[in-house]
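Participant: To be precise about what I am sending: the file is called upload_30.pdb and holds PDB, C-alpha atoms and all ligand atoms.
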```pdb
ATOM      1  CA  MET A   1     -15.644 -18.574  20.034  1.00  0.00           C
ATOM      2  CA  GLY A   2     -17.967 -16.173  18.267  1.00  0.00           C
ATOM      3  CA  ASN A   3     -18.307 -12.868  16.521  1.00  0.00           C
ATOM      4  CA  ILE A   4     -17.079  -9.531  17.803  1.00  0.00           C
ATOM      5  CA  LEU A   5     -18.184  -6.225  16.301  1.00  0.00           C
ATOM      6  CA  PHE A   6     -15.349  -3.719  15.842  1.00  0.00           C
ATOM      7  CA  ALA A   7     -16.697  -0.180  16.380  1.00  0.00           C
ATOM      8  CA  THR A   8     -14.930   1.370  13.403  1.00  0.00           C
ATOM      9  CA  GLY A   9     -15.863   2.253   9.851  1.00  0.00           C
ATOM     10  CA  ASN A  10     -12.177   2.694   8.939  1.00  0.00           C
ATOM     11  CA  LYS A  11     -11.350  -0.138   6.508  1.00  0.00           C
ATOM     12  CA  GLY A  12      -7.593   0.110   7.126  1.00  0.00           C
ATOM     13  CA  LYS A  13      -8.011  -0.318  10.876  1.00  0.00           C
ATOM     14  CA  ALA A  14     -10.489  -3.164  10.368  1.00  0.00           C
ATOM     15  CA  LYS A  15      -8.046  -5.042   8.129  1.00  0.00           C
ATOM     16  CA  GLU A  16      -5.187  -4.604  10.611  1.00  0.00           C
ATOM     17  CA  VAL A  17      -7.244  -5.819  13.577  1.00  0.00           C
ATOM     18  CA  LYS A  18      -8.816  -8.753  11.664  1.00  0.00           C
ATOM     19  CA  GLN A  19      -5.269  -9.882  10.891  1.00  0.00           C
ATOM     20  CA  ILE A  20      -4.311  -9.750  14.595  1.00  0.00           C
ATOM     21  CA  PHE A  21      -7.372 -11.824  15.617  1.00  0.00           C
ATOM     22  CA  LYS A  22      -6.923 -14.289  12.713  1.00  0.00           C
ATOM     23  CA  ASN A  23      -6.106 -17.403  14.733  1.00  0.00           C
ATOM     24  CA  SER A  24      -7.772 -16.376  17.997  1.00  0.00           C
ATOM     25  CA  GLY A  25     -11.073 -18.170  17.471  1.00  0.00           C
ATOM     26  CA  PHE A  26     -12.941 -14.829  17.301  1.00  0.00           C
ATOM     27  CA  ASP A  27     -14.333 -13.434  14.033  1.00  0.00           C
ATOM     28  CA  ILE A  28     -14.149  -9.656  13.726  1.00  0.00           C
ATOM     29  CA  LEU A  29     -16.861  -7.760  11.825  1.00  0.00           C
ATOM     30  CA  SER A  30     -16.498  -4.012  11.287  1.00  0.00           C
ATOM     31  CA  LEU A  31     -19.244  -1.395  11.037  1.00  0.00           C
ATOM     32  CA  SER A  32     -18.677  -1.250   7.266  1.00  0.00           C
ATOM     33  CA  ASP A  33     -19.232  -5.025   7.104  1.00  0.00           C
ATOM     34  CA  ILE A  34     -22.721  -4.506   8.551  1.00  0.00           C
ATOM     35  CA  ASN A  35     -23.309  -1.221   6.677  1.00  0.00           C
ATOM     36  CA  PHE A  36     -23.710   0.870   9.870  1.00  0.00           C
ATOM     37  CA  LYS A  37     -22.867   4.494   9.152  1.00  0.00           C
ATOM     38  CA  GLU A  38     -24.164   6.606  12.064  1.00  0.00           C
ATOM     39  CA  GLU A  39     -21.567   8.907  13.586  1.00  0.00           C
ATOM     40  CA  ILE A  40     -20.679   8.381  17.247  1.00  0.00           C
ATOM     41  CA  ILE A  41     -19.788  11.608  19.088  1.00  0.00           C
ATOM     42  CA  GLU A  42     -16.468  11.162  20.899  1.00  0.00           C
ATOM     43  CA  ASP A  43     -16.561  13.808  23.623  1.00  0.00           C
ATOM     44  CA  GLY A  44     -14.465  12.112  26.313  1.00  0.00           C
ATOM     45  CA  GLU A  45     -11.394  13.593  27.979  1.00  0.00           C
ATOM     46  CA  THR A  46      -9.044  10.649  27.479  1.00  0.00           C
ATOM     47  CA  PHE A  47      -8.337   7.996  24.835  1.00  0.00           C
ATOM     48  CA  GLU A  48      -9.906   5.446  27.179  1.00  0.00           C
ATOM     49  CA  ASP A  49     -13.084   7.550  27.595  1.00  0.00           C
ATOM     50  CA  ASN A  50     -13.458   7.845  23.832  1.00  0.00           C
ATOM     51  CA  ALA A  51     -12.763   4.177  23.129  1.00  0.00           C
ATOM     52  CA  PHE A  52     -15.397   3.216  25.719  1.00  0.00           C
ATOM     53  CA  ILE A  53     -17.929   5.733  24.351  1.00  0.00           C
ATOM     54  CA  LYS A  54     -17.633   3.957  20.953  1.00  0.00           C
ATOM     55  CA  ALA A  55     -17.729   0.441  22.468  1.00  0.00           C
ATOM     56  CA  LYS A  56     -20.782   1.197  24.642  1.00  0.00           C
ATOM     57  CA  ALA A  57     -22.699   2.985  21.865  1.00  0.00           C
ATOM     58  CA  ILE A  58     -22.318  -0.035  19.583  1.00  0.00           C
ATOM     59  CA  TYR A  59     -23.005  -2.553  22.381  1.00  0.00           C
ATOM     60  CA  ASP A  60     -26.194  -0.675  23.383  1.00  0.00           C
ATOM     61  CA  LYS A  61     -27.353  -0.708  19.775  1.00  0.00           C
ATOM     62  CA  PHE A  62     -26.607  -4.345  18.850  1.00  0.00           C
ATOM     63  CA  LYS A  63     -26.193  -6.174  22.216  1.00  0.00           C
ATOM     64  CA  VAL A  64     -23.253  -8.234  20.969  1.00  0.00           C
ATOM     65  CA  PRO A  65     -19.590  -8.228  22.159  1.00  0.00           C
ATOM     66  CA  VAL A  66     -17.723  -5.181  20.871  1.00  0.00           C
ATOM     67  CA  ILE A  67     -14.128  -3.972  20.511  1.00  0.00           C
ATOM     68  CA  ALA A  68     -13.243  -0.316  19.983  1.00  0.00           C
ATOM     69  CA  ASP A  69     -10.189   1.905  20.053  1.00  0.00           C
ATOM     70  CA  ASP A  70      -9.062   5.477  20.165  1.00  0.00           C
ATOM     71  CA  SER A  71      -5.628   6.673  19.177  1.00  0.00           C
ATOM     72  CA  GLY A  72      -3.549   9.753  18.570  1.00  0.00           C
ATOM     73  CA  LEU A  73      -0.190  11.472  18.643  1.00  0.00           C
ATOM     74  CA  GLU A  74       1.417  13.042  21.729  1.00  0.00           C
ATOM     75  CA  VAL A  75       4.335  15.433  21.220  1.00  0.00           C
ATOM     76  CA  ASP A  76       6.530  16.131  24.279  1.00  0.00           C
ATOM     77  CA  GLN A  77       7.450  19.737  23.420  1.00  0.00           C
ATOM     78  CA  LEU A  78       3.748  20.538  22.943  1.00  0.00           C
ATOM     79  CA  GLY A  79       2.767  19.186  26.361  1.00  0.00           C
ATOM     80  CA  GLY A  80       1.214  16.053  24.840  1.00  0.00           C
ATOM     81  CA  ARG A  81      -0.769  17.813  22.089  1.00  0.00           C
ATOM     82  CA  PRO A  82      -2.449  17.057  19.729  1.00  0.00           C
ATOM     83  CA  GLY A  83      -3.442  14.063  21.935  1.00  0.00           C
ATOM     84  CA  ILE A  84      -7.165  13.295  21.890  1.00  0.00           C
ATOM     85  CA  HIS A  85      -7.590  16.163  19.396  1.00  0.00           C
ATOM     86  CA  SER A  86      -5.346  14.472  16.790  1.00  0.00           C
ATOM     87  CA  ALA A  87      -8.082  13.934  14.191  1.00  0.00           C
ATOM     88  CA  ARG A  88      -9.318  17.550  14.180  1.00  0.00           C
ATOM     89  CA  TYR A  89      -6.171  19.367  15.327  1.00  0.00           C
ATOM     90  CA  ALA A  90      -6.412  22.087  12.632  1.00  0.00           C
ATOM     91  CA  GLY A  91     -10.193  22.432  13.092  1.00  0.00           C
ATOM     92  CA  GLU A  92     -13.499  20.846  12.058  1.00  0.00           C
ATOM     93  CA  ASN A  93     -13.347  19.268   8.538  1.00  0.00           C
ATOM     94  CA  CYS A  94      -9.559  19.718   8.311  1.00  0.00           C
ATOM     95  CA  THR A  95      -7.415  17.415   6.179  1.00  0.00           C
ATOM     96  CA  TYR A  96      -4.435  15.304   7.276  1.00  0.00           C
ATOM     97  CA  ASP A  97      -2.298  17.874   5.460  1.00  0.00           C
ATOM     98  CA  ASP A  98      -3.762  20.753   7.490  1.00  0.00           C
ATOM     99  CA  ASN A  99      -2.973  18.880  10.718  1.00  0.00           C
ATOM    100  CA  ASN A 100       0.612  18.147   9.676  1.00  0.00           C
ATOM    101  CA  ARG A 101       1.160  21.771   8.640  1.00  0.00           C
ATOM    102  CA  LYS A 102      -0.151  23.049  11.981  1.00  0.00           C
ATOM    103  CA  LEU A 103       2.041  20.601  13.884  1.00  0.00           C
ATOM    104  CA  LEU A 104       5.203  21.477  11.938  1.00  0.00           C
ATOM    105  CA  ASP A 105       4.506  25.233  12.296  1.00  0.00           C
ATOM    106  CA  GLU A 106       4.219  24.886  16.054  1.00  0.00           C
ATOM    107  CA  LEU A 107       7.417  22.837  16.277  1.00  0.00           C
ATOM    108  CA  LYS A 108       9.458  25.494  14.416  1.00  0.00           C
ATOM    109  CA  PHE A 109       9.820  27.254  17.779  1.00  0.00           C
ATOM    110  CA  PHE A 110      11.551  24.224  19.342  1.00  0.00           C
ATOM    111  CA  ASP A 111      14.967  22.593  18.795  1.00  0.00           C
ATOM    112  CA  GLU A 112      15.197  19.135  17.240  1.00  0.00           C
ATOM    113  CA  PRO A 113      14.714  16.344  18.085  1.00  0.00           C
ATOM    114  CA  HIS A 114      10.967  16.508  18.672  1.00  0.00           C
ATOM    115  CA  PRO A 115      10.199  13.337  20.677  1.00  0.00           C
ATOM    116  CA  ALA A 116       6.655  12.020  20.312  1.00  0.00           C
ATOM    117  CA  ARG A 117       4.599   8.893  20.677  1.00  0.00           C
ATOM    118  CA  PHE A 118       1.582   7.358  19.035  1.00  0.00           C
ATOM    119  CA  VAL A 119      -0.786   5.912  21.615  1.00  0.00           C
ATOM    120  CA  CYS A 120      -3.802   3.626  21.340  1.00  0.00           C
ATOM    121  CA  CYS A 121      -6.374   2.442  23.872  1.00  0.00           C
ATOM    122  CA  ALA A 122      -8.241  -0.720  22.846  1.00  0.00           C
ATOM    123  CA  ILE A 123     -11.336  -1.920  24.720  1.00  0.00           C
ATOM    124  CA  TYR A 124     -13.505  -5.061  24.759  1.00  0.00           C
ATOM    125  CA  TYR A 125     -17.042  -4.711  26.148  1.00  0.00           C
ATOM    126  CA  ASP A 126     -19.886  -7.217  26.251  1.00  0.00           C
ATOM    127  CA  GLY A 127     -22.277  -5.541  28.681  1.00  0.00           C
ATOM    128  CA  GLN A 128     -20.653  -7.321  31.656  1.00  0.00           C
ATOM    129  CA  ASN A 129     -16.931  -7.686  31.036  1.00  0.00           C
ATOM    130  CA  LYS A 130     -14.741  -4.734  30.121  1.00  0.00           C
ATOM    131  CA  ILE A 131     -11.079  -5.220  29.181  1.00  0.00           C
ATOM    132  CA  VAL A 132      -8.805  -2.223  28.576  1.00  0.00           C
ATOM    133  CA  GLU A 133      -5.325  -2.428  27.007  1.00  0.00           C
ATOM    134  CA  ASN A 134      -2.945   0.310  25.858  1.00  0.00           C
ATOM    135  CA  GLY A 135      -0.189   0.371  23.255  1.00  0.00           C
ATOM    136  CA  GLU A 136       2.371   2.991  22.359  1.00  0.00           C
ATOM    137  CA  LEU A 137       5.158   3.592  19.894  1.00  0.00           C
ATOM    138  CA  LYS A 138       7.888   6.150  20.517  1.00  0.00           C
ATOM    139  CA  GLY A 139       9.596   8.165  17.792  1.00  0.00           C
ATOM    140  CA  ASN A 140      10.379  11.687  16.593  1.00  0.00           C
ATOM    141  CA  ILE A 141       8.595  14.292  14.490  1.00  0.00           C
ATOM    142  CA  ILE A 142      10.745  15.496  11.568  1.00  0.00           C
ATOM    143  CA  SER A 143      10.575  18.992  10.078  1.00  0.00           C
ATOM    144  CA  ASP A 144       9.494  18.026   6.524  1.00  0.00           C
ATOM    145  CA  LYS A 145       6.955  15.459   5.359  1.00  0.00           C
ATOM    146  CA  LYS A 146       8.347  12.291   3.759  1.00  0.00           C
ATOM    147  CA  GLY A 147       6.545   9.387   2.052  1.00  0.00           C
ATOM    148  CA  ASP A 148       3.042   8.912   0.697  1.00  0.00           C
ATOM    149  CA  LYS A 149       1.795   5.703   2.319  1.00  0.00           C
ATOM    150  CA  GLY A 150      -0.416   5.461   5.396  1.00  0.00           C
ATOM    151  CA  PHE A 151      -2.556   8.289   6.777  1.00  0.00           C
ATOM    152  CA  GLY A 152      -2.681  11.050   9.380  1.00  0.00           C
ATOM    153  CA  TYR A 153       0.664  12.012  10.888  1.00  0.00           C
ATOM    154  CA  ASP A 154       2.532   9.126   9.187  1.00  0.00           C
ATOM    155  CA  PRO A 155       4.626  11.409   6.872  1.00  0.00           C
ATOM    156  CA  VAL A 156       6.152  13.330   9.801  1.00  0.00           C
ATOM    157  CA  PHE A 157       6.703  10.472  12.307  1.00  0.00           C
ATOM    158  CA  VAL A 158       9.912   8.420  12.380  1.00  0.00           C
ATOM    159  CA  PRO A 159       9.632   5.447  14.779  1.00  0.00           C
ATOM    160  CA  GLU A 160      12.457   4.899  17.283  1.00  0.00           C
ATOM    161  CA  ASN A 161      15.284   2.795  15.767  1.00  0.00           C
ATOM    162  CA  TYR A 162      14.101   3.504  12.186  1.00  0.00           C
ATOM    163  CA  ASP A 163      15.387   5.999   9.601  1.00  0.00           C
ATOM    164  CA  LYS A 164      12.157   6.186   7.593  1.00  0.00           C
ATOM    165  CA  THR A 165       8.811   7.815   8.347  1.00  0.00           C
ATOM    166  CA  PHE A 166       5.702   5.681   8.859  1.00  0.00           C
ATOM    167  CA  ALA A 167       4.598   6.928   5.404  1.00  0.00           C
ATOM    168  CA  GLU A 168       7.736   5.411   3.823  1.00  0.00           C
ATOM    169  CA  LEU A 169       7.307   1.988   5.477  1.00  0.00           C
ATOM    170  CA  GLU A 170       5.270  -0.811   3.926  1.00  0.00           C
ATOM    171  CA  LEU A 171       1.907  -1.212   5.665  1.00  0.00           C
ATOM    172  CA  GLU A 172       2.876  -4.694   6.869  1.00  0.00           C
ATOM    173  CA  GLU A 173       6.011  -3.304   8.498  1.00  0.00           C
ATOM    174  CA  LYS A 174       4.057  -0.462  10.137  1.00  0.00           C
ATOM    175  CA  ASN A 175       1.403  -2.850  11.414  1.00  0.00           C
ATOM    176  CA  LYS A 176       4.049  -5.006  13.121  1.00  0.00           C
ATOM    177  CA  ILE A 177       5.241  -2.155  15.339  1.00  0.00           C
ATOM    178  CA  SER A 178       2.266   0.217  15.558  1.00  0.00           C
ATOM    179  CA  HIS A 179       0.620   1.466  18.746  1.00  0.00           C
ATOM    180  CA  ARG A 180      -2.648  -0.079  17.513  1.00  0.00           C
ATOM    181  CA  ALA A 181      -1.056  -3.480  16.901  1.00  0.00           C
ATOM    182  CA  ALA A 182       0.473  -3.385  20.409  1.00  0.00           C
ATOM    183  CA  ALA A 183      -2.861  -2.530  22.081  1.00  0.00           C
ATOM    184  CA  PHE A 184      -4.945  -5.056  20.089  1.00  0.00           C
ATOM    185  CA  LYS A 185      -2.424  -7.896  20.497  1.00  0.00           C
ATOM    186  CA  LYS A 186      -2.660  -7.454  24.277  1.00  0.00           C
ATOM    187  CA  LEU A 187      -6.464  -7.206  24.070  1.00  0.00           C
ATOM    188  CA  MET A 188      -6.704 -10.387  22.003  1.00  0.00           C
ATOM    189  CA  GLU A 189      -4.456 -12.279  24.463  1.00  0.00           C
ATOM    190  CA  SER A 190      -6.430 -11.055  27.512  1.00  0.00           C
ATOM    191  CA  LEU A 191      -9.689 -11.993  25.815  1.00  0.00           C
ATOM    192  CA  VAL A 192      -8.550 -15.473  24.868  1.00  0.00           C
ATOM    193  CA  LYS A 193      -7.418 -16.047  28.525  1.00  0.00           C
ATOM    194  CA  LYS A 194     -10.641 -14.670  30.000  1.00  0.00           C
ATOM    195  CA  ILE A 195     -13.209 -16.255  27.715  1.00  0.00           C
ATOM    196  CA  SER A 196     -11.660 -19.635  26.873  1.00  0.00           C
TER     197      SER A 196
HETATM  198  P1  LIG B 201      -8.850   7.509  15.714  1.00  0.00           P
HETATM  199  O1  LIG B 201      -8.324   6.478  16.635  1.00  0.00           O
HETATM  200  O2  LIG B 201      -9.326   6.927  14.431  1.00  0.00           O
HETATM  201  O3  LIG B 201      -9.858   8.408  16.375  1.00  0.00           O
HETATM  202  O4  LIG B 201      -7.566   8.389  15.285  1.00  0.00           O
HETATM  203  C1  LIG B 201      -7.402   9.726  15.656  1.00  0.00           C
HETATM  204  C2  LIG B 201      -6.363  10.430  14.821  1.00  0.00           C
HETATM  205  O5  LIG B 201      -5.052  10.112  15.317  1.00  0.00           O
HETATM  206  C3  LIG B 201      -6.297  10.101  13.333  1.00  0.00           C
HETATM  207  O6  LIG B 201      -7.193  10.874  12.603  1.00  0.00           O
HETATM  208  C4  LIG B 201      -4.857  10.484  13.002  1.00  0.00           C
HETATM  209  O7  LIG B 201      -4.755  11.865  12.815  1.00  0.00           O
HETATM  210  C5  LIG B 201      -4.113  10.101  14.272  1.00  0.00           C
HETATM  211  N1  LIG B 201      -3.570   8.731  14.170  1.00  0.00           N
HETATM  212  C6  LIG B 201      -3.949   7.636  14.872  1.00  0.00           C
HETATM  213  N2  LIG B 201      -3.227   6.555  14.498  1.00  0.00           N
HETATM  214  C7  LIG B 201      -2.383   6.987  13.536  1.00  0.00           C
HETATM  215  C8  LIG B 201      -1.400   6.325  12.740  1.00  0.00           C
HETATM  216  O8  LIG B 201      -1.171   5.108  12.810  1.00  0.00           O
HETATM  217  N3  LIG B 201      -0.748   7.098  11.852  1.00  0.00           N
HETATM  218  C9  LIG B 201      -0.980   8.438  11.701  1.00  0.00           C
HETATM  219  N4  LIG B 201      -1.888   9.095  12.392  1.00  0.00           N
HETATM  220  C10 LIG B 201      -2.598   8.374  13.318  1.00  0.00           C
END
```
Can I see the file as structure tokens?
Facilitator:
Amino acid sequence: MGNILFATGNKGKAKEVKQIFKNSGFDILSLSDINFKEEIIEDGETFEDNAFIKAKAIYDKFKVPVIADDSGLEVDQLGGRPGIHSARYAGENCTYDDNNRKLLDELKFFDEPHPARFVCCAIYYDGQNKIVENGELKGNIISDKKGDKGFGYDPVFVPENYDKTFAELELEEKNKISHRAAAFKKLMESLVKKIS
């Protein structure tokens, strides 16, 4: 049913989403596949705003159907922070380690457990149709990092009903239950219904 451009240069995300769309009839190309490297400024106030900013920027540039997402971590005891600031929580040019350290320092003032959720907003946009789907995964933040797989807040996040962090799980296992998988599975199903 045609090509869709995925507005991400993140190869891990691209692989995960290509896998989800594998038998859908749509072929997913990422920005790395087409060698597009310009940065898109995400200055929205919600995950949905930011996902749409990416989708629209890429649609306006290439005039082909686009999917995009924005995701992050919300911690209850921190009033939903880091939220849309997840990537740069410890400041401009910070590392994943800096972000985890800042998060764990802030949580020292609160009793365990530290309930949290990863959230993802996934959007399809083709200039006329816009489809928005959300996914989330609940869990808890632990007080010491564990595991070396994955990225971002994976070493401090234990999904609900698991006893390992995301960074201790195999990527395939993580991708089955992740917030991104949930959002993109719904998006793929809505798209197949709408377009076919
Ligand atoms: P974005 O959707 O690429 O903008 O992700 C924003 C930030 O949220 C990332 O830089 C990570 O810090 C965090 N994040 C999103 N998804 C995950 C995940 O699956 N594991 C760990 N951190 C994540």
Participant: Extract, using only C-alpha atoms, all DNA, RNA and protein residues at most 6 Å from region 46-52 of chain A, discarding same-chain residues fewer than 2 positions from it, and format them as a PyMOL selection string.
Facilitator: chain A and resi 42+44+54-56+68-70+121
Participant: Show me which residues line ligand LIG 201 (chain B), defined as having an atom within 9 Å of a ligand atom where only C-alpha atoms and all ligand atoms count, and present them as a ChimeraX atom specification.
Facilitator: /A:8,10,13,42,47,50-51,69-73,82-89,96,99-100,118-121,150-157,166-167,174-175,178-180
Participant: Go ahead and save the picked residues with C-alpha atoms, as a compact mmCIF listing (two decimals), in the frame of the given file.
Facilitator:
```txt
# COMPACT_ATOMS: atom_id res chain seq x y z
CA THR A 8 -14.93 1.37 13.40
CA ASN A 10 -12.18 2.69 8.94
CA LYS A 13 -8.01 -0.32 10.88
CA GLU A 42 -16.47 11.16 20.90
CA PHE A 47 -8.34 8.00 24.84
CA ASN A 50 -13.46 7.84 23.83
CA ALA A 51 -12.76 4.18 23.13
CA ASP A 69 -10.19 1.90 20.05
CA ASP A 70 -9.06 5.48 20.16
CA SER A 71 -5.63 6.67 19.18
CA GLY A 72 -3.55 9.75 18.57
CA LEU A 73 -0.19 11.47 18.64
CA PRO A 82 -2.45 17.06 19.73
CA GLY A 83 -3.44 14.06 21.94
CA ILE A 84 -7.16 13.30 21.89
CA HIS A 85 -7.59 16.16 19.40
CA SER A 86 -5.35 14.47 16.79
CA ALA A 87 -8.08 13.93 14.19
CA ARG A 88 -9.32 17.55 14.18
CA TYR A 89 -6.17 19.37 15.33
CA TYR A 96 -4.43 15.30 7.28
CA ASN A 99 -2.97 18.88 10.72
CA ASN A 100 0.61 18.15 9.68
CA PHE A 118 1.58 7.36 19.04
CA VAL A 119 -0.79 5.91 21.62
CA CYS A 120 -3.80 3.63 21.34
CA CYS A 121 -6.37 2.44 23.87
CA GLY A 150 -0.42 5.46 5.40
CA PHE A 151 -2.56 8.29 6.78
CA GLY A 152 -2.68 11.05 9.38
CA TYR A 153 0.66 12.01 10.89
CA ASP A 154 2.53 9.13 9.19
CA PRO A 155 4.63 11.41 6.87
CA VAL A 156 6.15 13.33 9.80
CA PHE A 157 6.70 10.47 12.31
CA PHE A 166 5.70 5.68 8.86
CA ALA A 167 4.60 6.93 5.40
CA LYS A 174 4.06 -0.46 10.14
CA ASN A 175 1.40 -2.85 11.41
CA SER A 178 2.27 0.22 15.56
CA HIS A 179 0.62 1.47 18.75
CA ARG A 180 -2.65 -0.08 17.51
```
Participant: Counting all atoms listed in the file, I want the residues whose atoms come within 12 Å of (-19.6, -11.5, 28.5) in the file frame, returned as a PyMOL selection string.
Facilitator: chain A and resi 1-2+4+59+63-66+124-131+191+194-196
Participant: Would you kindly return, as a ChimeraX atom specification, each protein, DNA or RNA residue with an atom no farther than 9 Å from any atom of Ala182 (chain A), considering all atoms listed in the file and excluding same-chain residues fewer than 2 positions away?
Facilitator: /A:120,133-137,176-180,184-187
Participant: Once you have the residues from the selection above, write them out as a PDB file, in the frame of the given file, restricted to C-alpha atoms.
Facilitator:
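Wrote selection_19.pdb, looks like this:
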```
ATOM      1  CA  CYS A 120      -3.802   3.626  21.340  1.00  0.00           C
ATOM      2  CA  GLU A 133      -5.325  -2.428  27.007  1.00  0.00           C
ATOM      3  CA  ASN A 134      -2.945   0.310  25.858  1.00  0.00           C
ATOM      4  CA  GLY A 135      -0.189   0.371  23.255  1.00  0.00           C
ATOM      5  CA  GLU A 136       2.371   2.991  22.359  1.00  0.00           C
ATOM      6  CA  LEU A 137       5.158   3.592  19.894  1.00  0.00           C
ATOM      7  CA  LYS A 176       4.049  -5.006  13.121  1.00  0.00           C
ATOM      8  CA  ILE A 177       5.241  -2.155  15.339  1.00  0.00           C
ATOM      9  CA  SER A 178       2.266   0.217  15.558  1.00  0.00           C
ATOM     10  CA  HIS A 179       0.620   1.466  18.746  1.00  0.00           C
ATOM     11  CA  ARG A 180      -2.648  -0.079  17.513  1.00  0.00           C
ATOM     12  CA  PHE A 184      -4.945  -5.056  20.089  1.00  0.00           C
ATOM     13  CA  LYS A 185      -2.424  -7.896  20.497  1.00  0.00           C
ATOM     14  CA  LYS A 186      -2.660  -7.454  24.277  1.00  0.00           C
ATOM     15  CA  LEU A 187      -6.464  -7.206  24.070  1.00  0.00           C
TER      16      LEU A 187
END
```
Participant: Restricting the calculation to only C-alpha atoms, which member of A:Lys164, A:Ile34, A:His114, A:Phe26 is positioned closest to Phe62 (chain A)?
Facilitator: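 Looking at the shortest contact to Phe62 (chain A), the residue is A:Ile34.
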Participant: Mind listing as a count of residues only all residues within 9 Å of (10.9, 13.4, 7.4), counting all atoms listed in the file?
Facilitator: 14
Participant: Rounded to one decimal, what separation in Å do you get between CA of Ile58 (chain A) and CA of Ala7 (chain A)?
Facilitator: 6.5 Å
Participant: Ranking A:Val132, A:Thr95, A:Asn3, A:Tyr162 by minimum distance to Glu189 (chain A) and counting all atoms listed in the file, which one comes first?
Facilitator: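 Residue with the minimum atom-to-atom distance to Glu189 (chain A): A:Val132.
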Participant: Taking the file as shown, find all residues satisfying the PyMOL selection byres (((chain A and resi 107) around 12) and not hetatm) and write them as a ChimeraX atom specification.
Facilitator: /A:75-79,81-82,100-106,108-116,140-144,156
Participant: So, counting all atoms listed in the file, which residue among A:Asp33, A:Glu74, A:Glu168, A:Glu16 is closest to Gly139 (chain A)?
Facilitator: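 Once distances to Gly139 (chain A) are computed over all atoms listed in the file, the minimum belongs to A:Glu74.
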Participant: Go through the shown structure with the PyMOL selection byres (((chain A and resi 9) around 8) and not hetatm) and write out the matching residues as a list in words.
Facilitator: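 Given this file, the PyMOL selection byres (((chain A and resi 9) around 8) and not hetatm) evaluates to Ala7, Thr8, Asn10, Lys11, Ala14, Ser30, Leu31, Ser32, Phe36 and Lys37 of chain A.
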Participant: Nearest to Ile123 (chain A): which of A:Phe21, A:Ile67, A:Ile41, A:Ala183 is it, counting only C-alpha atoms?
Facilitator: A:Ile67
Participant: Find the distance between CA of Ala90 (chain A) and CA of Ala181 (chain A) and write it in Å to one decimal.
Facilitator: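 Separation of CA of Ala90 (chain A) and CA of Ala181 (chain A): 26.5 Å.
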Participant: Just give me the gap between CA of Ala122 (chain A) and CA of Asp60 (chain A) in Å, one decimal is fine.
Facilitator: 18.0 Å
Participant: From the set A:Met188, A:Leu171, A:Ile53, A:Leu5, which residue has the shortest atom-to-atom contact distance to Ile28 (chain A), counting all atoms listed in the file?
Facilitator: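 Checking each of A:Met188, A:Leu171, A:Ile53, A:Leu5 against Ile28 (chain A), counting all atoms listed in the file, the winner is A:Leu5.
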Participant: Using only C-alpha atoms, can you tell me which of A:Ala57, A:Cys94, A:Leu29, A:Val192 comes closest to Val17 (chain A)?
Facilitator: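 Checking each of A:Ala57, A:Cys94, A:Leu29, A:Val192 against Val17 (chain A), counting only C-alpha atoms, the winner is A:Leu29.
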